[in-house]
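Visitor: Just one file: query-v4.cif, with mmCIF, C-alpha atoms, pLDDT in the B column; chains and numbers go by the auth columns.
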data_input
loop_
_atom_site.group_PDB
_atom_site.id
_atom_site.type_symbol
_atom_site.label_atom_id
_atom_site.label_comp_id
_atom_site.label_asym_id
_atom_site.label_seq_id
_atom_site.Cartn_x
_atom_site.Cartn_y
_atom_site.Cartn_z
_atom_site.B_iso_or_equiv
_atom_site.auth_seq_id
_atom_site.auth_asym_id
ATOM 1 C CA MET A 1 -9.645 5.475 38.036 42.00 1 N
ATOM 2 C CA GLU A 2 -10.565 7.744 35.151 52.00 2 N
ATOM 3 C CA GLN A 3 -11.457 5.909 31.952 67.00 3 N
ATOM 4 C CA GLU A 4 -9.528 6.794 28.772 88.00 4 N
ATOM 5 C CA THR A 5 -12.065 8.637 26.611 93.00 5 N
ATOM 6 C CA PHE A 6 -9.853 9.522 23.646 92.00 6 N
ATOM 7 C CA PRO A 7 -10.527 6.362 21.574 93.00 7 N
ATOM 8 C CA GLN A 8 -14.291 6.778 21.911 94.00 8 N
ATOM 9 C CA GLU A 9 -14.133 10.524 21.233 94.00 9 N
ATOM 10 C CA LEU A 10 -12.008 9.963 18.120 94.00 10 N
ATOM 11 C CA ALA A 11 -14.293 7.210 16.821 95.00 11 N
ATOM 12 C CA ASP A 12 -17.391 9.335 17.453 96.00 12 N
ATOM 13 C CA ALA A 13 -15.840 12.356 15.723 95.00 13 N
ATOM 14 C CA LEU A 14 -14.804 10.351 12.649 95.00 14 N
ATOM 15 C CA VAL A 15 -18.213 8.697 12.333 95.00 15 N
ATOM 16 C CA GLY A 16 -20.004 11.999 12.875 95.00 16 N
ATOM 17 C CA VAL A 17 -17.979 13.840 10.238 96.00 17 N
ATOM 18 C CA GLN A 18 -18.450 11.013 7.730 93.00 18 N
ATOM 19 C CA ARG A 19 -22.213 10.830 8.349 93.00 19 N
ATOM 20 C CA LEU A 20 -22.679 14.583 7.996 94.00 20 N
ATOM 21 C CA MET A 21 -20.560 14.730 4.841 93.00 21 N
ATOM 22 C CA ARG A 22 -22.583 11.882 3.307 89.00 22 N
ATOM 23 C CA ARG A 23 -25.867 13.640 4.133 91.00 23 N
ATOM 24 C CA ARG A 24 -24.683 16.979 2.754 91.00 24 N
ATOM 25 C CA LEU A 25 -23.432 15.367 -0.445 88.00 25 N
ATOM 26 C CA ARG A 26 -26.686 13.462 -0.932 86.00 26 N
ATOM 27 C CA ALA A 27 -28.684 16.672 -0.580 86.00 27 N
ATOM 28 C CA GLY A 28 -27.333 18.083 -3.835 74.00 28 N
ATOM 29 C CA LEU A 29 -27.721 14.959 -5.976 81.00 29 N
ATOM 30 C CA THR A 30 -29.483 15.285 -9.295 82.00 30 N
ATOM 31 C CA VAL A 31 -29.185 11.551 -10.067 84.00 31 N
ATOM 32 C CA PRO A 32 -30.463 8.550 -8.109 85.00 32 N
ATOM 33 C CA ARG A 33 -28.426 7.899 -4.971 87.00 33 N
ATOM 34 C CA MET A 34 -25.974 5.004 -4.934 89.00 34 N
ATOM 35 C CA ARG A 35 -25.551 2.721 -1.951 87.00 35 N
ATOM 36 C CA GLY A 36 -22.269 2.943 -0.066 86.00 36 N
ATOM 37 C CA ALA A 37 -21.103 -0.488 -1.239 92.00 37 N
ATOM 38 C CA GLU A 38 -21.718 0.492 -4.876 94.00 38 N
ATOM 39 C CA VAL A 39 -19.589 3.620 -4.495 92.00 39 N
ATOM 40 C CA GLU A 40 -16.882 1.654 -2.690 94.00 40 N
ATOM 41 C CA LEU A 41 -16.762 -0.865 -5.540 97.00 41 N
ATOM 42 C CA LEU A 42 -16.580 1.877 -8.173 97.00 42 N
ATOM 43 C CA ARG A 43 -13.786 3.620 -6.261 96.00 43 N
ATOM 44 C CA LEU A 44 -11.900 0.326 -5.997 97.00 44 N
ATOM 45 C CA VAL A 45 -12.231 -0.309 -9.741 98.00 45 N
ATOM 46 C CA GLU A 46 -11.095 3.266 -10.348 97.00 46 N
ATOM 47 C CA THR A 47 -7.867 2.618 -8.427 97.00 47 N
ATOM 48 C CA ARG A 48 -7.432 -0.951 -9.724 97.00 48 N
ATOM 49 C CA PRO A 49 -8.851 -1.171 -13.253 97.00 49 N
ATOM 50 C CA GLY A 50 -9.282 -4.763 -14.363 95.00 50 N
ATOM 51 C CA ILE A 51 -9.700 -6.143 -10.841 96.00 51 N
ATOM 52 C CA GLY A 52 -11.621 -9.395 -10.652 94.00 52 N
ATOM 53 C CA VAL A 53 -14.794 -9.980 -8.701 93.00 53 N
ATOM 54 C CA SER A 54 -13.174 -12.277 -6.113 92.00 54 N
ATOM 55 C CA ASP A 55 -10.271 -9.862 -5.536 94.00 55 N
ATOM 56 C CA ALA A 56 -12.762 -7.002 -5.178 96.00 56 N
ATOM 57 C CA ALA A 57 -14.716 -9.033 -2.622 94.00 57 N
ATOM 58 C CA LYS A 58 -11.550 -9.650 -0.596 92.00 58 N
ATOM 59 C CA GLU A 59 -10.513 -6.001 -0.798 92.00 59 N
ATOM 60 C CA LEU A 60 -13.954 -4.786 0.308 93.00 60 N
ATOM 61 C CA TYR A 61 -14.379 -7.540 2.941 89.00 61 N
ATOM 62 C CA LEU A 62 -17.636 -8.660 1.336 92.00 62 N
ATOM 63 C CA ALA A 63 -18.921 -12.056 0.248 93.00 63 N
ATOM 64 C CA GLY A 64 -18.267 -12.913 -3.389 91.00 64 N
ATOM 65 C CA ASN A 65 -21.980 -13.270 -4.158 93.00 65 N
ATOM 66 C CA SER A 66 -22.610 -9.812 -2.663 95.00 66 N
ATOM 67 C CA VAL A 67 -20.011 -8.275 -4.976 95.00 67 N
ATOM 68 C CA SER A 68 -21.443 -10.225 -7.934 94.00 68 N
ATOM 69 C CA THR A 69 -24.849 -8.709 -7.167 96.00 69 N
ATOM 70 C CA LEU A 70 -23.306 -5.222 -6.978 96.00 70 N
ATOM 71 C CA VAL A 71 -21.459 -5.803 -10.261 96.00 71 N
ATOM 72 C CA ASN A 72 -24.664 -6.947 -12.010 96.00 72 N
ATOM 73 C CA GLN A 73 -26.508 -3.835 -10.801 96.00 73 N
ATOM 74 C CA LEU A 74 -23.689 -1.461 -11.794 97.00 74 N
ATOM 75 C CA VAL A 75 -23.383 -3.104 -15.220 97.00 75 N
ATOM 76 C CA ARG A 76 -27.168 -2.704 -15.710 97.00 76 N
ATOM 77 C CA ASP A 77 -26.945 0.932 -14.601 96.00 77 N
ATOM 78 C CA GLY A 78 -24.150 1.624 -17.087 97.00 78 N
ATOM 79 C CA TYR A 79 -21.356 2.230 -14.560 97.00 79 N
ATOM 80 C CA LEU A 80 -19.262 -0.930 -14.914 98.00 80 N
ATOM 81 C CA ILE A 81 -17.968 -2.990 -17.799 97.00 81 N
ATOM 82 C CA ARG A 82 -17.456 -6.682 -17.113 95.00 82 N
ATOM 83 C CA GLU A 83 -15.121 -8.258 -19.628 94.00 83 N
ATOM 84 C CA THR A 84 -13.670 -11.737 -19.828 90.00 84 N
ATOM 85 C CA ASP A 85 -10.144 -12.039 -18.446 82.00 85 N
ATOM 86 C CA PRO A 86 -7.914 -13.169 -21.342 85.00 86 N
ATOM 87 C CA ALA A 87 -5.688 -15.091 -18.889 83.00 87 N
ATOM 88 C CA ASP A 88 -8.633 -17.016 -17.409 84.00 88 N
ATOM 89 C CA ARG A 89 -11.755 -17.240 -19.562 85.00 89 N
ATOM 90 C CA ARG A 90 -13.838 -18.128 -16.463 85.00 90 N
ATOM 91 C CA ALA A 91 -12.947 -14.879 -14.681 84.00 91 N
ATOM 92 C CA ALA A 92 -14.198 -11.352 -15.275 87.00 92 N
ATOM 93 C CA ARG A 93 -12.267 -8.098 -15.162 95.00 93 N
ATOM 94 C CA LEU A 94 -14.048 -4.935 -14.080 97.00 94 N
ATOM 95 C CA LEU A 95 -13.642 -1.531 -15.696 97.00 95 N
ATOM 96 C CA LEU A 96 -15.397 1.794 -15.218 98.00 96 N
ATOM 97 C CA THR A 97 -17.555 3.317 -17.919 98.00 97 N
ATOM 98 C CA GLU A 98 -17.212 6.979 -18.866 98.00 98 N
ATOM 99 C CA ALA A 99 -20.454 7.608 -16.948 97.00 99 N
ATOM 100 C CA ALA A 100 -18.932 6.130 -13.788 97.00 100 N
ATOM 101 C CA GLU A 101 -15.727 8.130 -14.211 97.00 101 N
ATOM 102 C CA ALA A 102 -17.744 11.330 -14.608 95.00 102 N
ATOM 103 C CA ARG A 103 -19.952 10.529 -11.614 94.00 103 N
ATOM 104 C CA LEU A 104 -16.965 9.727 -9.373 94.00 104 N
ATOM 105 C CA ARG A 105 -15.151 12.858 -10.504 94.00 105 N
ATOM 106 C CA ALA A 106 -18.218 15.021 -9.786 91.00 106 N
ATOM 107 C CA TRP A 107 -18.627 13.387 -6.356 90.00 107 N
ATOM 108 C CA GLN A 108 -14.936 13.924 -5.503 92.00 108 N
ATOM 109 C CA GLU A 109 -15.164 17.567 -6.551 94.00 109 N
ATOM 110 C CA ARG A 110 -18.328 18.120 -4.507 92.00 110 N
ATOM 111 C CA ARG A 111 -16.768 16.391 -1.492 92.00 111 N
ATOM 112 C CA ALA A 112 -13.567 18.441 -1.730 96.00 112 N
ATOM 113 C CA ASP A 113 -15.602 21.640 -2.084 96.00 113 N
ATOM 114 C CA LEU A 114 -17.733 20.757 0.953 95.00 114 N
ATOM 115 C CA VAL A 115 -14.680 20.054 3.118 96.00 115 N
ATOM 116 C CA ARG A 116 -12.841 23.128 1.805 97.00 116 N
ATOM 117 C CA ARG A 117 -15.783 25.398 2.674 96.00 117 N
ATOM 118 C CA HIS A 118 -16.107 24.085 6.188 96.00 118 N
ATOM 119 C CA VAL A 119 -12.405 23.874 6.970 97.00 119 N
ATOM 120 C CA SER A 120 -12.027 27.477 5.808 97.00 120 N
ATOM 121 C CA ARG A 121 -14.502 28.506 8.542 98.00 121 N
ATOM 122 C CA LEU A 122 -12.169 27.189 11.240 97.00 122 N
ATOM 123 C CA ASP A 123 -9.417 29.281 12.749 98.00 123 N
ATOM 124 C CA GLU A 124 -5.827 28.747 11.633 97.00 124 N
ATOM 125 C CA THR A 125 -4.942 26.684 14.723 98.00 125 N
ATOM 126 C CA ASP A 126 -7.737 24.185 14.014 97.00 126 N
ATOM 127 C CA ARG A 127 -6.892 24.033 10.290 97.00 127 N
ATOM 128 C CA GLU A 128 -3.250 23.259 11.165 97.00 128 N
ATOM 129 C CA ALA A 129 -4.320 20.627 13.693 97.00 129 N
ATOM 130 C CA LEU A 130 -6.426 18.903 11.039 97.00 130 N
ATOM 131 C CA ARG A 131 -3.611 19.108 8.491 97.00 131 N
ATOM 132 C CA ALA A 132 -1.163 17.641 11.017 97.00 132 N
ATOM 133 C CA ALA A 133 -3.586 14.810 11.877 96.00 133 N
ATOM 134 C CA VAL A 134 -3.907 13.505 8.295 97.00 134 N
ATOM 135 C CA PRO A 135 -0.707 11.362 8.333 97.00 135 N
ATOM 136 C CA ALA A 136 -1.676 9.818 11.671 96.00 136 N
ATOM 137 C CA LEU A 137 -5.192 9.055 10.397 96.00 137 N
ATOM 138 C CA ARG A 138 -3.693 7.358 7.322 96.00 138 N
ATOM 139 C CA LYS A 139 -1.469 5.222 9.574 96.00 139 N
ATOM 140 C CA LEU A 140 -4.528 4.348 11.672 96.00 140 N
ATOM 141 C CA ALA A 141 -6.285 3.184 8.490 92.00 141 N
ATOM 142 C CA VAL A 142 -3.268 1.014 7.597 93.00 142 N
ATOM 143 C CA THR A 143 -3.274 -0.694 11.000 94.00 143 N
ATOM 144 C CA LEU A 144 -7.023 -1.284 10.788 91.00 144 N
ATOM 145 C CA ARG A 145 -6.608 -2.801 7.311 86.00 145 N
ATOM 146 C CA LYS A 146 -3.755 -5.058 8.477 88.00 146 N
ATOM 147 C CA GLU A 147 -5.817 -6.319 11.399 88.00 147 N
ATOM 148 C CA ALA A 148 -8.745 -7.047 9.079 81.00 148 N
ATOM 149 C CA GLU A 149 -6.457 -8.966 6.714 81.00 149 N
ATOM 150 C CA GLU A 150 -5.089 -11.054 9.582 81.00 150 N
ATOM 151 C CA SER A 151 -8.495 -12.079 10.876 74.00 151 N
#
Once you've parsed the file, please lay out its structure as structure tokens.
Guide:
Amino acid sequence: MEQETFPQELADALVGVQRLMRRRLRAGLTVPRMRGAEVELLRLVETRPGIGVSDAAKELYLAGNSVSTLVNQLVRDGYLIRETDPADRRAARLLLTEAAEARLRAWQERRADLVRRHVSRLDETDREALRAAVPALRKLAVTLRKEAEES
């Protein structure tokens, strides 16, 4: 019986594209490189300004002390502001600094430019196939997130 190879091929393709994009984007950096978890935290704070450390840990599936360490580093580096939550003086709310907003914006622009350049090199059939796959990939991400939340 022939084994179903599609799941493995899809996983390998997604990982390969992500790895190559990360390497290409790192190559043009003029500032010190950030770790993946630091970028993930900044992107989360960008989409949810004022999020607390414990909520960020849950959202990123990381231990609270790991996120606290990331927050301390990003505050020291000038990318995050940690302010006291007025509703709960024991809790902190996280906000991006202007430097973090500028760095994320530059990274997003560089990433979009990289993908645009390489997608434009594909023929129209492949470009359409990629465009058509985006909704399905988003749904896949939703199901993966739901499973992670249930476990």
Visitor: List the spatial neighbours of segment 59-71 of chain N as a PyMOL selection string - criterion: any atom at most 9 Å away, all atoms listed in the file, same-chain residues fewer than 5 positions off excluded.
Guide: chain N and resi 37-38+40-41+44+53-54+76+80-82+94+148-149
Visitor: List the neighbours of Glu83 of chain N out to 12 Å using all atoms listed in the file; skip same-chain residues closer than 5 positions along the sequence, and give me the result as a VMD selection string.
Guide: chain N and resid 49 to 53 71 75 88 to 97
Visitor: Return as lines of an AutoDock Vina configuration file the box centre and box size in Å, one decimal, for an axis-aligned box around all listed atoms of segment 76-82 of chain N padded by 4 Å per side.
Guide:
center_x = -22.3
center_y = -2.2
center_z = -16.2
size_x = 17.7
size_y = 16.9
size_z = 11.2
Visitor: Name all residues at most 12 Å from segment 15-19 of chain N (count only C-alpha atoms; drop same-chain ones fewer than 4 positions away) and give them as a PyMOL selection string.
Guide: chain N and resi 8-11+23-26+36+111+114-115+118-119
Visitor: Have a look at N:Glu128, N:Asp113, N:Glu98, N:Glu150 and name the one nearest to Met21 of chain N; count only C-alpha atoms.
Guide: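 Result for the nearest residue to Met21 of chain N: N:Asp113.
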Visitor: For atom CA of Arg116 of chain N and atom CA of Ala99 of chain N, quote the distance in Å rounded to one decimal.
Guide: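 Taking atom CA of Arg116 of chain N as the start and atom CA of Ala99 of chain N as the end point, the length is 25.5 Å.
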Visitor: Can you tell me how far atom CA of Arg117 of chain N sits from atom CA of Arg22 of chain N, in Å to one decimal?
Guide: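 Those two atoms sit 15.1 Å apart.
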